[in-house]
2 protein chains.
Amino acid sequence: MERIIAEKIAKDMREISVAEFFEKNKHFLGYENPTKSLVTVVKEALDNSLDAAEEAGILPEIYISVKQIGVDRFKVKVEDNGPGIVESKVPFAFGKLLFGSKFHKLKQTRGIMGVGIHGAVLYSQLTTGKPTKVITSTGKDIHIFELMIDVAKNEPIVISHKKESNPKKWHGVKIEMEVEGRYVEKGQSVLEYIKQTAIANPHAHIIFDGPNGKVEFKRATNELPKQPKEIKPHPYGIELGILRRMLANTKTRNLVSFLTTEFCRVGKKSAEQICKLAKIEFNRKPQDLTHEESERLHKAMQMVKLIAPPTDCLSPLPENWILEGLKKEIKAEYFVAVTRQPTVYRGNPFQVSVGLAYGGELPNEEAIKLLRFANKIPLLYHQSDCAITEAVSEVDWRRYGLQQSTGSLPVGPLVILVHFASVWVPFTSEGKQAIANYPEIVKEIKLALQDAGRKLATYIRQKRKARERFLRRQIFERYVPEVAKALAKLTNKDYKVILKKLEEMIKKKVDLVEEKGEEENENFKKTEKTTLKEVVENERNEKEA
Amino acid sequence: MERIIAEKIAKDMREISVAEFFEKNKHFLGYENPTKSLVTVVKEALDNSLDAAEEAGILPEIYISVKQIGVDRFKVKVEDNGPGIVESKVPFAFGKLLFGSKFHKLKQTRGIMGVGIHGAVLYSQLTTGKPTKVITSTGKDIHIFELMIDVAKNEPIVISHKKESNPKKWHGVKIEMEVEGRYVEKGQSVLEYIKQTAIANPHAHIIFDGPNGKVEFKRATNELPKQPKEIKPHPYGIELGILRRMLANTKTRNLVSFLTTEFCRVGKKSAEQICKLAKIEFNRKPQDLTHEESERLHKAMQMVKLIAPPTDCLSPLPENWILEGLKKEIKAEYFVAVTRQPTVYRGNPFQVSVGLAYGGELPNEEAIKLLRFANKIPLLYHQSDCAITEAVSEVDWRRYGLQQSTGSLPVGPLVILVHFASVWVPFTSEGKQAIANYPEIVKEIKLALQDAGRKLATYIRQKRKARERFLRRQIFERYVPEVAKALAKLTNKDYKVILKKLEEMIKKKVDLVEEKGEEENENFKKTEKTTLKEVVENERNEKEA
């Protein structure tokens, strides 16, 4: 009986292609509903374009077009001025999932999984049955492909391939696809995704030609971001299973050379020390190690004191970029940016930057707005599930002058930007919408937020003081004519002379106070005028209400 | 220049094996930290065992052992009495990701992805370098395997394979692995996972031999759960891309027979109607349809009126199972269970059940405890990201007598159990910890919660009334001796006689009220005694404080 059932089950067992897997689980890749799907398609193409330009040291020029062609159908085009893709690789780069150049590297890039743009191609053919058009050139001929994916095999199908001459030496990639979707402009939307991308990539010039017309995101700096470098793994972050694979596959001929060649921060001395601790001879062939030896080696690698991995491999968001990005897009009165020193989780270097925009036209009584970024890509969805959100909620913002119920996002006129840069971002899912909450990461984000929070608190305190000073002066000024009148009567002197003298006296006193205020904070001074105006108006409104 | 960079990138492009992909992204599969990883390993083995027993119609006997063998290392063994696995399939069933019998079926099972137990094997070898031992028999010989995964190729490596005789005709699977982990017993833990599994699977007998000793979860029913049936896709849930693939691969020879054979709920009449609407002849060969024709066919399939898919394919949690499960594990005073009628999202039938446990020893001032299940497996993690949590938060629990701030989980002495049964559960990630929030699903869960909530509200209302009655009686009783004394003085009658009469009068009145109360609610009556005791004590404590 059991045998029969077991045989029946055995007959049903078969391989699942990774394309089938993600077709059925397309929501893993961000294709959960028509609105989000349209955002994801644009996101994947845009992220790839920025990565390609960055790798080639080109200032990105990106044109995105999203046009409605049916009730729930859109034509999406994304064109970049990157280095283009070599023609022989085009079918795989777009038509085979788990194929790419970035997965096997330890390097800070936007894409990394090998399922991004392929997922968009898959989604397009699933919902519209249409092939994806890819036009590309590396400066030589222009190649025009129509591609689909053989889902059962996870292999590309080239529907057509044409070659054209390229007299203008154009280079880049242009992708065109038809997809099912819904277009919105509020909240989590294509426009918001591009806008946030522009904040984190002020060196990019992006034109978005959407269903409601063109929007241009101008370049705010001609400076290219720092080129991230590829690094080797650090011994502290390596898992035993990976070490064993590296030992089996290495081309090095002895253990010391294996350790110094395949890892970063391991010199000859450290390598020898590791071998000694593991009780294995220096010149053993890596391939010959027994299981017990490799386990001892692994332990020894964690015990030896080594310098942290190099952090020049990271390309964080510079503070001036954060400030410019925020000022460009958010109407606030006070801005501050903080970038932490790079640090390490599980052998992976990472670096956190934070920006705050406060006051101005931001709403007073709502939860703050949180802008999350990882390797310069915006994270629009799954906010509640992200290490960044956790860090923001754990900081005590009441100490910095905001309202907050314990464990929640604070309430007040504040935008918080957090950028996480790493050679390996632990996204919670393939859709790259949230960062897994490793304690080391949450801690580092909190420290950056607290640093920025203290600066904000100084500003808020001074603003409150200024308001109090202003109200005091206002009270004086209100009674000056009365007092002058009374003094004129008592002393029989000229009312106008007394009034003038009194006014001068108050002005002097107030100026003195204001000067002190000036010393206290420069930033504050710059915005004080509008602040005071607001204060008066608020005061009036409150009284009238 | 661009050509050189493009060629450099092209050279780096290569295929990523799905095992490499999940090794690097092991947190997608639930291996985020040592504590969660240990839970996930047990979970994958336990889910598989329950599925196998269910498929074979066997009452499950499961033995789980978790023993610490190093600082952060555990030996995990899981043994079941299922039908076992045919020996030729063992290496693939455990040593090749994306391999399985459940992925291509529309059937309600616990596993479905083809990355569960393989993920555990991968995690084990990654963290300890050790092979996984699988012992299995279908009642004939016993086969003992030691397996690893060739990660770069995603292929199984059979380290050893032995055969033993099986005089006792044992059948089942026994899996043994060494993993890195951390063992806790509070909150999200191995114990909690098994406990919740026992609640949703009262037909299973589970023995857990953990680091702190044995815990037995006895069988609460000998009734096997309803066998879920496999169904064919419903035309309303089919995507265009899938339809095109089905057209290309079908063995049927004309469109009408294609539609009636490959889909559920399509008879000859409906099939002809679909063809007419699509303007395609009945007898066209499915393989010959043009792109435009298949698109017309797809549209027509959505337009024709069809019966909803059959729902006898579902195996929901029966209400008596929910009540028994909750009563067994939770010390509350009031229990209620509701099972909705099956319904459909995107062509997939699903069914929601809800159970509530209220009062008793549950804490008054904490957020309610939420137990989430999908196809009888507990969802321990990612609560904030789950359709169930969203539904619970969106219900207005203040109407049912609980505290709640808008959009949050309610506060009060309540445990909420929600079970989601479907042929296809849209988990948010491979780790199967949360259900994606499709509006149809959230709506259905809310309706079930509201139904149960109304019943709870009746109980809470009556409990409050009883409390008021009791207090009233108490007041009377407190003043009876005084009043009797006064009356005795005034009337010159015997104090004792008056006291007795007064007491009788009050008793009569109160009894009358209590009788009414009895009519109002049976459930309430049963627990009234303890309730009233509590009321008195609370009253006293409050006064003393």
# chains A, B, ... in the order shown; residues from 1 in each chain; ligands from 1

$ closest_atom_pairs --of "range 398-446 of chain A" --to "range 42-65 of chain A" --cutoff "12 Å" --atoms "only C-alpha atoms" --output "tab-separated table"
residue	atom	partner	partner_atom	distance
A:Glu430	CA	A:Glu44	CA	11.6
A:Gly431	CA	A:Glu44	CA	9.6
A:Lys432	CA	A:Glu44	CA	10.2
A:Gln433	CA	A:Lys43	CA	11.2

$ write_last_selection --atoms "C-alpha atoms" --output "mmCIF file, in the first residue's frame"
data_model
loop_
_atom_site.group_PDB
_atom_site.id
_atom_site.type_symbol
_atom_site.label_atom_id
_atom_site.label_comp_id
_atom_site.auth_asym_id
_atom_site.auth_seq_id
_atom_site.Cartn_x
_atom_site.Cartn_y
_atom_site.Cartn_z
ATOM 1 C CA GLU A 430 13.886 39.203 -4.664
ATOM 2 C CA GLY A 431 11.748 42.306 -5.149
ATOM 3 C CA LYS A 432 14.387 44.312 -3.230
ATOM 4 C CA GLN A 433 11.948 46.301 -1.123
#

$ closest_atom_pairs --of "chain B" --to "chain A" --cutoff "7 Å" --atoms "only C-alpha atoms" --output "CSV"
residue,atom,partner,partner_atom,distance
B:Glu2,CA,A:Pro83,CA,4.5
B:Arg3,CA,A:Thr138,CA,4.9
B:Ile5,CA,A:Ala56,CA,6.3
B:Ala6,CA,A:Ile85,CA,5.6
B:Glu7,CA,A:Val86,CA,6.3
B:Ile9,CA,A:Ser101,CA,6.5
B:Ala10,CA,A:Val86,CA,6.4
B:Asp12,CA,A:Ser101,CA,4.9
B:Met13,CA,A:Ser101,CA,3.9
B:Arg14,CA,A:Phe99,CA,5.6
B:Glu15,CA,A:Phe99,CA,4.4
B:Ile16,CA,A:Leu98,CA,5.0
B:Phe28,CA,A:Ser429,CA,6.0
B:Ala56,CA,A:Ile5,CA,6.3
B:Pro83,CA,A:Glu2,CA,4.5
B:Gly84,CA,A:Ala6,CA,6.1
B:Ile85,CA,A:Ala6,CA,5.6
B:Val86,CA,A:Ala6,CA,6.0
B:Lys89,CA,A:Ala10,CA,6.6
B:Leu98,CA,A:Ile16,CA,5.0
B:Phe99,CA,A:Glu15,CA,4.4
B:Gly100,CA,A:Met13,CA,4.8
B:Ser101,CA,A:Met13,CA,4.0
B:Gln125,CA,A:Gly241,CA,5.7
B:Leu126,CA,A:Gly241,CA,3.7
B:Thr127,CA,A:Leu240,CA,5.4
B:Thr128,CA,A:Leu240,CA,6.2
B:Gly129,CA,A:Gly241,CA,5.1
B:Thr138,CA,A:Arg3,CA,4.9
B:Gly139,CA,A:Arg3,CA,6.5
B:Glu239,CA,A:Thr127,CA,6.1
B:Leu240,CA,A:Thr127,CA,5.5
B:Gly241,CA,A:Leu126,CA,3.8
B:Ile242,CA,A:Leu126,CA,6.5
B:Ser384,CA,A:Ser384,CA,6.6
B:Asp385,CA,A:Asp385,CA,6.5
B:Thr428,CA,A:Phe28,CA,6.3
B:Ser429,CA,A:Phe28,CA,6.0

$ residues_around --residues "Glu477 in chain A" --least-positions-apart "6" --cutoff "12 Å" --atoms "only C-alpha atoms" --output "PyMOL selection string"
chain A and resi 470-471+483-484+499-500+502-507+510

$ select_by_dssp --residues "range 224-353 of chain B" --states "helix (DSSP H, G or I)" --output "ChimeraX atom specification"
/B:235-237,240-249,255-262,268-278,286-288,291-303,319-329

$ residues_around --residues "range 266-270 of chain B" --least-positions-apart "4" --cutoff "9 Å" --atoms "only C-alpha atoms" --output "count of residues only"
14

$ closest_residue --among "B:Leu447, B:Val338, B:Val66, B:Arg265" --to "Phe208 in chain B" --atoms "only C-alpha atoms"
B:Val66

$ atom_distance --atom1 "CA of Asn212 in chain A" --atom2 "CA of Glu178 in chain A"
18.3 Å

$ select_by_dssp --residues "range 280-480 of chain B" --states "strand (DSSP E or B)" --output "count of residues only"
43

$ closest_residue --among "A:Ile135, A:Leu106, A:Val190, A:Ala421" --to "Ser37 in chain A" --atoms "only C-alpha atoms"
A:Val190

$ closest_residue --among "B:Ala391, B:Val423, B:Leu380, B:Val39" --to "Ser408 in chain B" --atoms "only C-alpha atoms"
B:Ala391
